Every structure is written in C-alpha cells, then in structure tokens.
$ cat entry11.csv   # CSV, C-alpha atoms
chain,number,residue,atom,x,y,z
P,1089,MET,CA,21.3,-21.2,0.4
P,1090,THR,CA,22.3,-24.8,0.1
P,1091,ASP,CA,22.6,-25.7,3.8
P,1092,ALA,CA,19.1,-24.4,4.8
P,1093,ARG,CA,17.1,-26.8,6.9
P,1094,PHE,CA,13.8,-25.0,6.1
P,1095,GLU,CA,12.4,-23.4,2.9
P,1096,ILE,CA,9.7,-20.8,3.6
P,1097,SER,CA,7.9,-18.5,1.1
P,1098,ALA,CA,6.2,-15.4,2.5
P,1099,GLY,CA,4.0,-12.9,0.7
P,1100,PHE,CA,4.0,-9.3,1.6
P,1101,LEU,CA,2.7,-5.9,0.5
P,1102,PRO,CA,5.0,-2.9,-0.1
P,1103,LEU,CA,4.5,-1.3,3.3
P,1104,LEU,CA,7.0,-0.2,6.0
P,1105,ASP,CA,5.5,-2.7,8.5
P,1106,SER,CA,6.8,-5.6,6.3
P,1107,ALA,CA,10.2,-4.5,7.7
P,1108,LEU,CA,10.5,-7.3,10.2
P,1109,LEU,CA,10.2,-10.0,7.5
P,1110,VAL,CA,12.5,-8.0,5.2
P,1111,ALA,CA,15.1,-7.5,7.9
P,1112,ALA,CA,14.9,-11.2,8.8
P,1113,ARG,CA,16.0,-12.0,5.3
P,1114,GLU,CA,18.3,-9.1,4.4
P,1115,LYS,CA,20.2,-9.0,7.7
P,1116,GLY,CA,20.7,-12.8,7.9
P,1117,PHE,CA,18.5,-13.6,10.9
P,1118,ALA,CA,16.5,-16.1,8.9
P,1119,ALA,CA,19.7,-17.7,7.5
P,1120,ALA,CA,21.1,-18.0,11.0
P,1121,GLU,CA,18.1,-20.1,11.9
P,1122,GLY,CA,18.6,-22.4,8.9
P,1123,ILE,CA,15.8,-20.8,6.8
P,1124,ALA,CA,15.9,-20.1,3.1
P,1125,LEU,CA,13.3,-17.3,3.2
P,1126,THR,CA,11.8,-16.2,0.0
P,1127,LEU,CA,9.8,-13.0,0.1
P,1128,VAL,CA,7.2,-12.3,-2.7
P,1129,ARG,CA,5.9,-8.8,-3.2
P,1130,GLU,CA,2.1,-8.8,-3.9
P,1131,THR,CA,-0.2,-6.1,-5.2
P,1132,SER,CA,-3.3,-6.5,-2.9
P,1133,TRP,CA,-4.4,-8.1,0.4
P,1134,ALA,CA,-6.8,-10.3,-1.5
P,1135,ASN,CA,-3.9,-11.8,-3.4
P,1136,ILE,CA,-2.0,-12.4,-0.2
P,1137,ARG,CA,-5.0,-14.3,1.3
P,1138,ASP,CA,-5.7,-16.3,-1.9
P,1139,ARG,CA,-2.1,-17.3,-2.5
P,1140,LEU,CA,-1.8,-18.5,1.1
P,1141,ALA,CA,-5.0,-20.5,0.6
P,1142,VAL,CA,-3.7,-22.3,-2.5
P,1143,GLY,CA,-0.3,-23.1,-1.0
P,1144,HIS,CA,1.9,-20.6,-2.8
P,1145,PHE,CA,2.9,-19.1,0.6
P,1146,GLN,CA,3.4,-20.9,3.9
P,1147,VAL,CA,3.2,-17.6,5.8
P,1148,ALA,CA,2.4,-14.0,5.0
P,1149,HIS,CA,2.5,-10.4,6.1
P,1150,MET,CA,-1.2,-10.0,6.8
P,1151,LEU,CA,-3.7,-7.5,8.1
P,1152,ALA,CA,-4.3,-8.4,11.8
P,1153,PRO,CA,-8.1,-9.1,11.3
P,1154,MET,CA,-7.7,-11.0,8.1
P,1155,PRO,CA,-6.9,-14.4,9.5
P,1156,ILE,CA,-9.9,-14.1,11.8
P,1157,ALA,CA,-12.1,-13.3,8.8
P,1158,CYS,CA,-10.7,-16.3,7.0
P,1159,ASN,CA,-11.5,-18.6,9.9
P,1160,LEU,CA,-15.0,-17.2,10.2
P,1161,GLY,CA,-15.7,-18.0,6.6
P,1162,LEU,CA,-16.1,-14.3,5.6
P,1163,THR,CA,-13.9,-14.7,2.5
P,1164,PRO,CA,-14.6,-16.7,-0.6
P,1165,LEU,CA,-11.2,-18.5,-0.7
P,1166,ALA,CA,-9.2,-18.9,2.5
P,1167,ALA,CA,-7.1,-21.4,4.3
P,1168,THR,CA,-7.5,-21.9,8.1
P,1169,THR,CA,-4.9,-19.4,9.3
P,1170,VAL,CA,-3.2,-19.0,12.6
P,1171,VAL,CA,-1.4,-15.9,14.0
P,1172,PRO,CA,1.7,-17.0,16.0
P,1173,MET,CA,3.3,-13.5,16.0
P,1174,ALA,CA,2.4,-9.8,15.4
P,1175,LEU,CA,4.6,-7.6,13.3
P,1176,GLY,CA,4.5,-4.4,15.3
P,1177,LEU,CA,2.2,-1.8,16.7
P,1178,GLY,CA,0.8,1.3,15.1
P,1179,GLY,CA,2.0,2.6,11.8
P,1180,ASN,CA,-1.2,4.0,10.2
P,1181,ALA,CA,-2.5,7.4,9.6
P,1182,VAL,CA,-5.6,9.2,8.3
P,1183,THR,CA,-4.7,11.6,5.4
P,1184,VAL,CA,-7.0,14.0,3.8
P,1185,SER,CA,-6.9,16.1,0.7
P,1186,ASN,CA,-5.7,19.7,0.9
P,1187,ALA,CA,-9.1,20.9,0.1
P,1188,LEU,CA,-10.8,18.9,2.8
P,1189,TRP,CA,-8.1,20.0,5.3
P,1190,HIS,CA,-8.9,23.6,4.4
P,1191,ASP,CA,-12.5,23.0,5.2
P,1192,MET,CA,-11.6,21.2,8.4
P,1193,ILE,CA,-9.5,24.1,9.6
P,1194,GLY,CA,-12.6,26.2,9.4
P,1195,HIS,CA,-14.2,23.9,11.9
P,1196,GLY,CA,-11.3,23.9,14.4
P,1197,ALA,CA,-9.0,21.1,13.2
P,1198,SER,CA,-5.6,21.4,14.9
P,1199,ALA,CA,-2.1,20.7,13.6
P,1200,ASP,CA,-1.3,18.4,16.6
P,1201,LEU,CA,-2.9,15.2,15.1
P,1202,SER,CA,-5.6,15.2,17.8
P,1203,PRO,CA,-8.2,12.7,16.9
P,1204,ARG,CA,-10.9,14.6,18.7
P,1205,ALA,CA,-10.2,17.9,17.1
P,1206,ALA,CA,-9.9,16.4,13.6
P,1207,GLY,CA,-13.0,14.3,14.1
P,1208,ASP,CA,-15.1,17.1,15.3
P,1209,ALA,CA,-13.9,19.3,12.4
P,1210,LEU,CA,-14.7,16.6,10.0
P,1211,ARG,CA,-18.2,16.3,11.4
P,1212,GLY,CA,-18.7,20.0,10.8
P,1213,VAL,CA,-17.6,19.6,7.2
P,1214,VAL,CA,-20.0,16.7,6.7
P,1215,ALA,CA,-22.8,18.7,8.1
P,1216,ASP,CA,-22.0,21.6,5.7
P,1217,ARG,CA,-22.0,19.3,2.8
P,1218,VAL,CA,-25.4,17.9,3.8
P,1219,ARG,CA,-26.9,21.4,3.9
P,1220,ALA,CA,-25.4,22.2,0.5
P,1221,GLY,CA,-26.6,19.0,-1.0
P,1222,ALA,CA,-23.1,17.9,-1.9
P,1223,ALA,CA,-22.0,14.3,-2.4
P,1224,PRO,CA,-20.7,12.5,0.6
P,1225,LEU,CA,-16.9,12.6,1.2
P,1226,ARG,CA,-15.1,9.5,-0.1
P,1227,PHE,CA,-12.5,7.8,2.1
P,1228,ALA,CA,-10.5,4.7,1.2
P,1229,VAL,CA,-9.3,1.8,3.3
P,1230,VAL,CA,-7.1,-1.1,2.2
P,1231,HIS,CA,-9.5,-4.0,2.8
P,1232,PRO,CA,-12.9,-4.6,4.5
P,1233,HIS,CA,-11.2,-6.8,7.1
P,1234,SER,CA,-8.4,-4.5,8.0
P,1235,GLY,CA,-7.4,-2.5,11.1
P,1236,HIS,CA,-7.6,0.6,8.9
P,1237,ASN,CA,-11.3,0.0,8.3
P,1238,TYR,CA,-12.1,-0.6,12.0
P,1239,GLU,CA,-10.0,2.2,13.4
P,1240,LEU,CA,-11.4,4.6,10.8
P,1241,ARG,CA,-14.9,3.6,11.7
P,1242,TYR,CA,-14.3,3.6,15.4
P,1243,TRP,CA,-12.8,7.2,15.2
P,1244,LEU,CA,-15.7,8.5,13.0
P,1245,ALA,CA,-18.4,6.9,15.1
P,1246,ALA,CA,-16.9,8.3,18.4
P,1247,CYS,CA,-16.9,11.7,16.8
P,1248,GLY,CA,-20.5,11.5,15.8
P,1249,ILE,CA,-20.1,10.6,12.1
P,1250,ASP,CA,-21.9,7.5,10.8
P,1251,PRO,CA,-19.4,5.7,8.6
P,1252,ASP,CA,-22.2,4.0,6.6
P,1253,ARG,CA,-24.4,7.0,6.0
P,1254,ASP,CA,-22.4,10.2,6.4
P,1255,ILE,CA,-19.4,9.3,4.2
P,1256,GLU,CA,-18.5,6.7,1.6
P,1257,ILE,CA,-15.8,4.1,2.3
P,1258,VAL,CA,-14.2,2.3,-0.6
P,1259,ILE,CA,-11.4,-0.2,-0.9
P,1260,LEU,CA,-8.1,0.5,-2.6
P,1261,PRO,CA,-4.6,-1.1,-2.4
P,1262,PRO,CA,-2.2,1.1,-0.3
P,1263,PRO,CA,0.2,2.0,-3.1
P,1264,LEU,CA,-2.6,3.7,-5.0
P,1265,MET,CA,-3.8,5.9,-2.1
P,1266,ALA,CA,-1.6,8.9,-2.6
P,1267,ASP,CA,-2.3,9.1,-6.3
P,1268,ALA,CA,-6.0,8.7,-5.8
P,1269,LEU,CA,-6.0,11.6,-3.4
P,1270,GLY,CA,-4.0,13.7,-5.8
P,1271,SER,CA,-6.4,12.9,-8.7
P,1272,GLY,CA,-9.4,13.9,-6.7
P,1273,SER,CA,-10.8,10.4,-6.6
P,1274,LEU,CA,-10.6,10.4,-2.8
P,1275,ASP,CA,-11.1,13.0,-0.1
P,1276,GLY,CA,-9.2,11.0,2.4
P,1277,PHE,CA,-7.7,7.6,3.3
P,1278,CYS,CA,-6.5,5.4,6.1
P,1279,ALA,CA,-3.4,3.4,5.3
P,1280,GLY,CA,0.0,2.4,6.5
P,1281,GLU,CA,3.3,4.0,5.8
P,1282,PRO,CA,4.9,5.2,3.6
P,1283,TRP,CA,1.7,6.1,1.7
P,1284,ASN,CA,0.6,8.9,4.1
P,1285,THR,CA,4.0,10.4,3.9
P,1286,ALA,CA,3.9,9.9,0.1
P,1287,ALA,CA,0.7,12.0,-0.1
P,1288,VAL,CA,2.4,14.8,1.9
P,1289,MET,CA,5.7,14.6,-0.1
P,1290,LEU,CA,3.8,14.8,-3.4
P,1291,GLY,CA,1.8,17.8,-2.2
P,1292,HIS,CA,-1.5,15.9,-2.4
P,1293,GLY,CA,-2.7,16.0,1.2
P,1294,ARG,CA,-2.3,16.5,4.9
P,1295,ILE,CA,-2.0,13.9,7.7
P,1296,ALA,CA,-5.0,14.6,10.0
P,1297,THR,CA,-4.5,12.1,12.7
P,1298,VAL,CA,-2.8,8.8,13.4
P,1299,LYS,CA,-3.5,5.3,14.6
P,1300,ALA,CA,-1.1,5.8,17.6
P,1301,LYS,CA,-3.5,8.5,18.9
P,1302,ILE,CA,-6.8,6.8,18.0
P,1303,TRP,CA,-5.8,3.7,19.9
P,1304,ARG,CA,-2.3,3.8,21.4
P,1305,SER,CA,-0.2,0.6,21.3
P,1306,SER,CA,-2.7,-0.9,18.9
P,1307,PRO,CA,-2.1,-3.9,16.5
P,1308,GLU,CA,-1.7,-3.6,12.8
P,1309,LYS,CA,0.0,-6.4,10.8
P,1310,VAL,CA,0.6,-10.0,11.8
P,1311,LEU,CA,2.4,-13.0,10.6
P,1312,GLY,CA,-0.4,-15.3,9.2
P,1313,ALA,CA,0.5,-19.0,8.8
P,1314,ASP,CA,-1.4,-21.7,7.0
P,1315,ALA,CA,-2.6,-23.8,10.0
P,1316,ARG,CA,-1.9,-27.2,8.4
P,1317,TRP,CA,1.6,-26.1,7.5
P,1318,ALA,CA,2.2,-24.7,10.9
P,1319,GLU,CA,1.1,-27.9,12.6
P,1320,ALA,CA,3.2,-30.1,10.3
P,1321,ASN,CA,6.3,-27.9,10.4
P,1322,SER,CA,6.5,-26.7,14.0
P,1323,ASP,CA,10.3,-26.5,14.0
P,1324,ALA,CA,10.4,-24.4,10.9
P,1325,LEU,CA,7.7,-22.0,12.3
P,1326,ALA,CA,9.6,-21.7,15.6
P,1327,ALA,CA,12.8,-20.9,13.7
P,1328,LEU,CA,11.0,-18.2,11.7
P,1329,LEU,CA,9.6,-16.7,14.9
P,1330,ARG,CA,13.0,-16.5,16.4
P,1331,ALA,CA,14.4,-14.9,13.2
P,1332,ILE,CA,11.6,-12.3,13.2
P,1333,HIS,CA,12.2,-11.6,16.9
P,1334,HIS,CA,15.8,-10.8,16.2
P,1335,ALA,CA,14.8,-8.7,13.2
P,1336,ALA,CA,12.4,-6.7,15.4
P,1337,GLN,CA,15.2,-5.9,17.8
P,1338,TRP,CA,17.4,-4.8,15.0
P,1339,CYS,CA,14.6,-2.7,13.4
P,1340,ALA,CA,13.8,-1.0,16.7
P,1341,SER,CA,17.3,0.4,17.2
P,1342,PRO,CA,17.5,4.0,16.0
P,1343,ALA,CA,21.1,3.3,14.9
P,1344,ASN,CA,19.8,1.0,12.2
P,1345,HIS,CA,17.0,3.2,10.9
P,1346,ALA,CA,18.9,4.8,8.0
P,1347,GLU,CA,20.0,1.4,6.8
P,1348,LEU,CA,16.5,0.0,7.2
P,1349,ALA,CA,15.0,2.9,5.2
P,1350,GLY,CA,17.5,2.2,2.5
P,1351,ILE,CA,16.7,-1.5,2.5
P,1352,MET,CA,12.9,-0.9,2.3
P,1353,ALA,CA,13.4,1.6,-0.5
P,1354,ALA,CA,14.8,-1.1,-2.8
P,1355,PRO,CA,12.6,-2.0,-5.8
P,1356,ALA,CA,12.0,-5.5,-4.4
P,1357,TYR,CA,10.3,-4.1,-1.3
P,1358,VAL,CA,8.6,-0.7,-1.1
P,1359,GLY,CA,10.4,0.7,-4.2
P,1360,ARG,CA,10.1,4.3,-3.1
P,1361,PRO,CA,12.6,6.9,-1.8
P,1362,ALA,CA,14.2,6.2,1.5
P,1363,ASP,CA,13.2,9.6,2.8
P,1364,TRP,CA,9.6,8.4,2.6
P,1365,MET,CA,10.4,5.7,5.2
P,1366,SER,CA,12.3,7.9,7.6
P,1367,PRO,CA,9.5,9.9,9.2
P,1368,ALA,CA,7.7,6.8,10.5
P,1369,LEU,CA,10.9,5.2,11.7
P,1370,SER,CA,12.0,8.4,13.6
P,1371,GLY,CA,8.5,9.4,14.8
P,1372,GLN,CA,9.0,12.8,13.3
P,1373,LEU,CA,6.0,12.8,11.0
P,1374,ARG,CA,5.8,15.2,8.1
P,1375,THR,CA,2.1,16.2,8.4
P,1376,SER,CA,2.2,18.8,5.6
P,1377,ALA,CA,4.6,20.5,3.3
P,1378,ASP,CA,5.7,22.9,5.9
P,1379,SER,CA,5.1,21.2,9.3
P,1380,SER,CA,5.9,18.1,11.3
P,1381,VAL,CA,4.7,16.5,14.5
P,1382,GLU,CA,6.7,14.2,16.8
P,1383,VAL,CA,4.8,10.9,17.6
P,1384,ASP,CA,7.4,8.8,19.5
P,1385,ASP,CA,5.2,5.7,19.4
P,1386,PHE,CA,3.9,6.0,15.8
P,1387,PHE,CA,5.4,2.6,14.8
P,1388,MET,CA,6.8,0.2,17.3
P,1389,PRO,CA,8.5,-3.0,15.9
P,1390,GLN,CA,9.6,-4.3,19.3
P,1391,ALA,CA,8.7,-2.2,22.4
P,1392,ARG,CA,5.5,-2.9,24.5
P,1393,ALA,CA,5.4,-6.6,23.5
P,1394,ALA,CA,4.8,-5.4,19.9
P,1395,THR,CA,5.2,-8.9,18.4
P,1396,PHE,CA,3.0,-10.7,21.0
P,1397,PRO,CA,-0.2,-12.1,19.5
P,1398,TRP,CA,-2.7,-10.9,22.2
P,1399,LYS,CA,-6.0,-12.8,22.2
P,1400,SER,CA,-7.6,-9.5,23.3
P,1401,HIS,CA,-6.5,-7.9,20.1
P,1402,ALA,CA,-8.2,-10.8,18.2
P,1403,LEU,CA,-11.4,-10.4,20.1
P,1404,TRP,CA,-11.5,-6.6,19.6
P,1405,PHE,CA,-11.2,-7.0,15.9
P,1406,TYR,CA,-14.0,-9.6,16.1
P,1407,SER,CA,-16.2,-7.1,18.0
P,1408,GLN,CA,-15.8,-4.7,15.2
P,1409,MET,CA,-16.7,-7.3,12.6
P,1410,VAL,CA,-19.9,-7.8,14.6
P,1411,ARG,CA,-20.5,-4.1,15.1
P,1412,TRP,CA,-20.3,-3.3,11.4
P,1413,GLY,CA,-22.4,-6.2,10.2
P,1414,GLN,CA,-19.7,-8.4,8.8
P,1415,ALA,CA,-20.2,-11.3,11.2
P,1416,GLY,CA,-22.9,-12.6,13.5
P,1417,HIS,CA,-22.1,-12.8,17.2
P,1418,SER,CA,-22.1,-16.2,18.8
P,1419,THR,CA,-20.1,-18.2,21.4
P,1420,GLU,CA,-18.7,-20.3,18.5
P,1421,ASN,CA,-17.6,-17.3,16.4
P,1422,ALA,CA,-16.0,-15.7,19.4
P,1423,ALA,CA,-14.1,-18.9,20.1
P,1424,ILE,CA,-12.9,-19.0,16.5
P,1425,ALA,CA,-11.6,-15.5,16.7
P,1426,ARG,CA,-9.9,-16.0,20.0
P,1427,ASP,CA,-8.2,-19.2,18.9
P,1428,THR,CA,-6.9,-17.7,15.7
P,1429,TYR,CA,-4.2,-15.9,17.7
P,1430,ARG,CA,-1.7,-18.4,19.1
P,1431,PRO,CA,0.5,-17.0,21.9
P,1432,ASP,CA,1.3,-20.6,22.8
P,1433,LEU,CA,3.4,-20.9,19.6
P,1434,TYR,CA,5.0,-17.6,20.3
P,1435,ARG,CA,6.0,-18.6,23.8
P,1436,ALA,CA,7.3,-22.0,22.8
P,1437,ALA,CA,9.6,-20.4,20.1
P,1438,LEU,CA,10.9,-17.5,22.1
P,1439,LYS,CA,11.1,-18.8,25.7
P,1440,PRO,CA,14.5,-20.5,25.0
P,1441,LEU,CA,15.9,-17.1,24.0
P,1442,GLY,CA,15.0,-15.6,27.4
P,1443,ALA,CA,12.7,-13.1,25.7
P,1444,ALA,CA,10.5,-11.0,27.8
P,1445,LEU,CA,7.0,-12.6,27.7
P,1446,PRO,CA,3.7,-11.3,29.1
P,1447,GLY,CA,2.3,-13.3,31.9
P,1448,ALA,CA,-1.2,-13.5,30.3
P,1449,ASN,CA,-2.6,-14.1,26.9
P,1450,ALA,CA,-5.2,-11.3,27.0
P,1451,LYS,CA,-5.5,-8.0,28.7
P,1452,VAL,CA,-8.0,-5.2,29.1
P,1453,GLU,CA,-7.3,-2.9,26.2
P,1454,GLY,CA,-7.1,0.8,27.0
P,1455,ALA,CA,-6.5,0.2,30.7
P,1456,LEU,CA,-2.9,1.4,30.9
P,1457,PRO,CA,-2.6,5.2,31.0
P,1458,THR,CA,1.1,5.1,31.7
P,1459,PRO,CA,4.0,2.7,30.9
P,1460,THR,CA,3.6,-0.3,33.2
P,1461,PRO,CA,6.3,-2.9,34.0
P,1462,VAL,CA,5.1,-6.5,33.6
P,1463,GLY,CA,6.6,-9.8,32.4
P,1464,SER,CA,8.0,-13.2,33.3
P,1465,ALA,CA,10.6,-13.7,36.0
P,1466,GLY,CA,14.0,-12.5,35.1
P,1467,ALA,CA,12.8,-10.6,32.0
P,1468,SER,CA,11.9,-6.9,31.8
P,1469,LEU,CA,8.8,-5.9,29.9
P,1470,VAL,CA,6.8,-2.7,29.8
P,1471,LEU,CA,3.3,-2.4,28.4
P,1472,GLY,CA,1.3,0.7,27.6
P,1473,PRO,CA,0.2,3.4,27.4
P,1474,ASP,CA,-2.6,1.8,25.4
P,1475,GLY,CA,-5.6,4.1,25.6
P,1476,PHE,CA,-8.5,4.7,23.2
P,1477,PHE,CA,-8.8,8.4,22.4
P,1478,ASP,CA,-12.4,8.5,23.6
P,1479,GLY,CA,-11.6,6.8,27.0
P,1480,GLY,CA,-13.1,3.5,26.0
P,1481,LEU,CA,-12.1,0.2,27.5
P,1482,PHE,CA,-12.3,-3.3,26.0
P,1483,ASP,CA,-12.5,-6.1,28.5
P,1484,PRO,CA,-12.2,-9.5,26.6
P,1485,ASP,CA,-14.0,-11.2,29.5
P,1486,ASP,CA,-17.0,-9.0,28.9
P,1487,LEU,CA,-17.2,-9.4,25.1
P,1488,ASP,CA,-21.0,-9.6,25.2
P,1489,GLY,CA,-21.4,-6.4,27.1
P,1490,TYR,CA,-19.0,-4.5,24.9
P,1491,ILE,CA,-20.8,-5.6,21.7
P,1492,ALA,CA,-24.2,-4.7,23.2
P,1493,ALA,CA,-22.9,-1.3,24.3
P,1494,GLN,CA,-21.6,-0.6,20.8
P,1495,ARG,CA,-24.9,-1.5,19.3
P,1496,MET,CA,-26.6,1.0,21.6
P,1497,ALA,CA,-24.0,3.6,20.6
P,1498,GLY,CA,-24.7,3.0,16.9
P,1499,GLY,CA,-23.1,0.9,14.2
P,1500,GLY,CA,-23.9,-2.4,12.7
$ encode --input "entry11.csv" --output "structure tokens"
Amino acid sequence: MTDARFEISAGFLPLLDSALLVAAREKGFAAAEGIALTLVRETSWANIRDRLAVGHFQVAHMLAPMPIACNLGLTPLAATTVVPMALGLGGNAVTVSNALWHDMIGHGASADLSPRAAGDALRGVVADRVRAGAAPLRFAVVHPHSGHNYELRYWLAACGIDPDRDIEIVILPPPLMADALGSGSLDGFCAGEPWNTAAVMLGHGRIATVKAKIWRSSPEKVLGADARWAEANSDALAALLRAIHHAAQWCASPANHAELAGIMAAPAYVGRPADWMSPALSGQLRTSADSSVEVDDFFMPQARAATFPWKSHALWFYSQMVRWGQAGHSTENAAIARDTYRPDLYRAALKPLGAALPGANAKVEGALPTPTPVGSAGASLVLGPDGFFDGGLFDPDDLDGYIAAQRMAGGG
C-alpha cells in the first residue's frame, strides 16, 4: 500500500480471537484509516511478548494479563506495555479427555456446561485418584500470566480443588492442546477457540465448561502496544483503534460469520478448517461428537462494550497474580496494574465516531445479573450480565478487602 500514512506490524497467535486484527486488515478497515497493517503469526505467547520488547512489533494480540505482568517486572524481557483496547469478551473453554469425562459423569457432571456441576464432579474424581494413589490429573494452560490460568484456578478453587496441590498445571501453546489431549499427555486444558472444538472434532475430548459461564462478559485478549511507540505515534494508534472498532462491528454481524470463518481458516491465520471456527461464532458449541449446547455469549467481539479496556479488569487480573503468588501486593503494584489499561486512549480515538462509550473507567465486576443500559449521551450501550458462577463480586475500590478474602479462602 503505497499511500499509507502509517506502517504498523502486529504479532498474533492462531486463535479465533485474533479475528478483529485479521478483519481490520482483510476487510480494508486498516487501509481506510491509512494504515499498512502487517500481521505476523507467532508460535507462542512468550514470542509475542519478546518480539514486542525488541521492537519487531509495535502492537500485538496479547493475553489480557500479560501487559500487566510485563509492567510489574514478572517477565525476563518485556517492554512497558499499554492496553488501549480489548479484543472481545469470552471465547475460552475447559476441555477434558474422554476418559476423564467418563469418570466425571460418575460424579454427576452434566451436559449443560454448568461450572458447578463440572467442578463438583472433577473434585470427586480427584478424591478417587487420591484414594487410589494415582498421579494427579494434568491440565494445561497457555501461559502463567493468562486469563486461562486465572479462570481455571478460580473455577477449581471455588469448587474445592486446590490448583497447586490437587492437580498439576503445565504450560503449552494453544495449537498443541488438542493433540496433547489425544496422546494422553494431558487430562484437560483451558484454551481459546478453535482448539477446544478441535479436540471434539478429532474425537479426543469433551468440552466440560466455558469461560462465559465461569465469569460472564469476562475479558480475554487485548491489543498490547509498546508504550514508547504509542506515546510517540498517537495518531497511528488512534487510527488503528478506529480500524479495529469497525472490524469488531463487522465480526459481530451473523451475516459475516461464514466469511469470517473462511478468512480465519486460511494458512496465514489459524490454518484449520472453517467448520472449526463456526461453533464459537454461532454460539452453538459442539461439546462432544454427538451433542451441542447453545451459549449465545460464548465469544463477543463487539456487544457489552467488548473492546473497552476496563481498569477493573486489569485490577482483577492483578488480584489473581497476588492470590497465586506471582506478585506481591502493594499500593505501587496496584497502581501499575490499573494504569496499564488506558481507556483514555480508547475514548480519544473513538469519540469522534460517535461510538457508545461507558461513563466510567471501572465497574464492580459480577454486579449485573441482567442486561443493563448505560452509556454516554446520545449513544446506546448495554452491559452485562457479568456474574461469576459462584456469586462472587469484585469491587475495584475494595481491592485490599478482595485480596484478603481470597487469602482466607485459600490460594497463594
């Protein structure tokens, strides 16, 4: 593109929730903003982080907690990173091997993806294995500083399973999850799509529960930007946020889902069959070879302020880093986490478009049991429902109290 005003390179992993960046490029939204957008497929989240740090990428498709971990100094090589935009809500699932699911059925697991039923059944299996002297079950997540790790641990702990003692949690890139389950190397995993669907389609496992039921309307991937680049290139960043905003609207339309699945199936992106993408886009999840469950909010690219970088999301992730012993709690660390997410950059970029914007930068997470209209004057915005499956609430104004309560409940 010879008339581009901006050249931006972005790293991504082959996951469905990279769709907003992919659509921004493939459907011309980036070009319309004067951006020559280069997308580089990577093999691991560590590579994404490291290549952003050394300047190969200006922005990246990133795990929502990863920029916070970078800024807290929890990684060996990291640039100061800001989050001016989220890349959707939901999109993850917990998938277990066929053998483990069989054992869970014996303890009351249900086919409706209920986190409580699945967690209680898993606790029963864990207890059986302890009595039999069997090795702990092995689950995989994609990175220590990932929503997958924290939602898996939150779910397990709320169901009476100690994630550090009762099971083993290992790290594995998402494209390897289904094959590892099939080989017997794993008993279960928590990952984004299409890798849960892949395990089902290949006959390797069963989807036991989903992120959208563990914590409804919960964050997953974000746009991470090198802070120095973002400050020096504010016009380019704003143009990119506008392009992604338009891409989110396009991705959210059911009329575009078949085309989007085809685009994501291309070798340059996910490189897997289009019918592996369709369940997450439609919300009609294939949970096993012969069953499906409708989850209408499984993955949301645009609804419920899905691209807004809530500071309360950042602080919840920080609370889990503290809970599981990854970071110490201090006023300074909390401020670093809070300031990693930049709704001011989001507002500045999208306000000229008349986009619906929340009236606050943070909210009580889990407080909306029903869809709730909010938003700036003249723009319609509906938030929620956003509940945690165990009825928990996270008030970012009582961070100390939340962290203390979690310590009393176990973990860390």
$ closest_residue --input "entry11.csv" --among "P:Val1381, P:Pro1361, P:Ala1313, P:Arg1304" --to "P:Ala1199" --atoms "only C-alpha atoms"
P:Val1381
$ closest_residue --input "entry11.csv" --among "P:Ile1491, P:Val1258, P:Leu1311, P:Leu1109" --to "P:Pro1153" --atoms "all atoms listed in the file"
P:Leu1311
$ residues_around --input "entry11.csv" --residues "stretch 1130-1135 of chain P" --least-positions-apart "5" --cutoff "12 Å" --atoms "only C-alpha atoms" --output "ChimeraX atom specification"
/P:1098-1103,1106,1140-1142,1144-1145,1148-1155,1157-1158,1163-1166,1229-1234,1259-1264,1309,1356-1358
$ residues_around --input "entry11.csv" --residues "P:Gly1480" --least-positions-apart "4" --cutoff "8 Å" --atoms "all atoms listed in the file" --output "PDB file with C-alpha atoms, in the frame of the given file"
ATOM      1  CA  GLY P1454      -7.100   0.800  27.000  1.00  0.00           C
ATOM      2  CA  GLY P1475      -5.600   4.100  25.600  1.00  0.00           C
ATOM      3  CA  PHE P1476      -8.500   4.700  23.200  1.00  0.00           C
TER       4      PHE P1476
END
$ residues_around --input "entry11.csv" --residues "P:Asn1449" --least-positions-apart "6" --cutoff "7 Å" --atoms "all atoms listed in the file" --output "list in words"
Trp1398, Lys1399 and Pro1431 of chain P
$ write_last_selection --input "entry11.csv" --atoms "C-alpha atoms" --output "compact mmCIF listing (two decimals), in the coordinates of the input"
# COMPACT_ATOMS: atom_id res chain seq x y z
CA TRP P 1398 -2.70 -10.90 22.20
CA LYS P 1399 -6.00 -12.80 22.20
CA PRO P 1431 0.50 -17.00 21.90
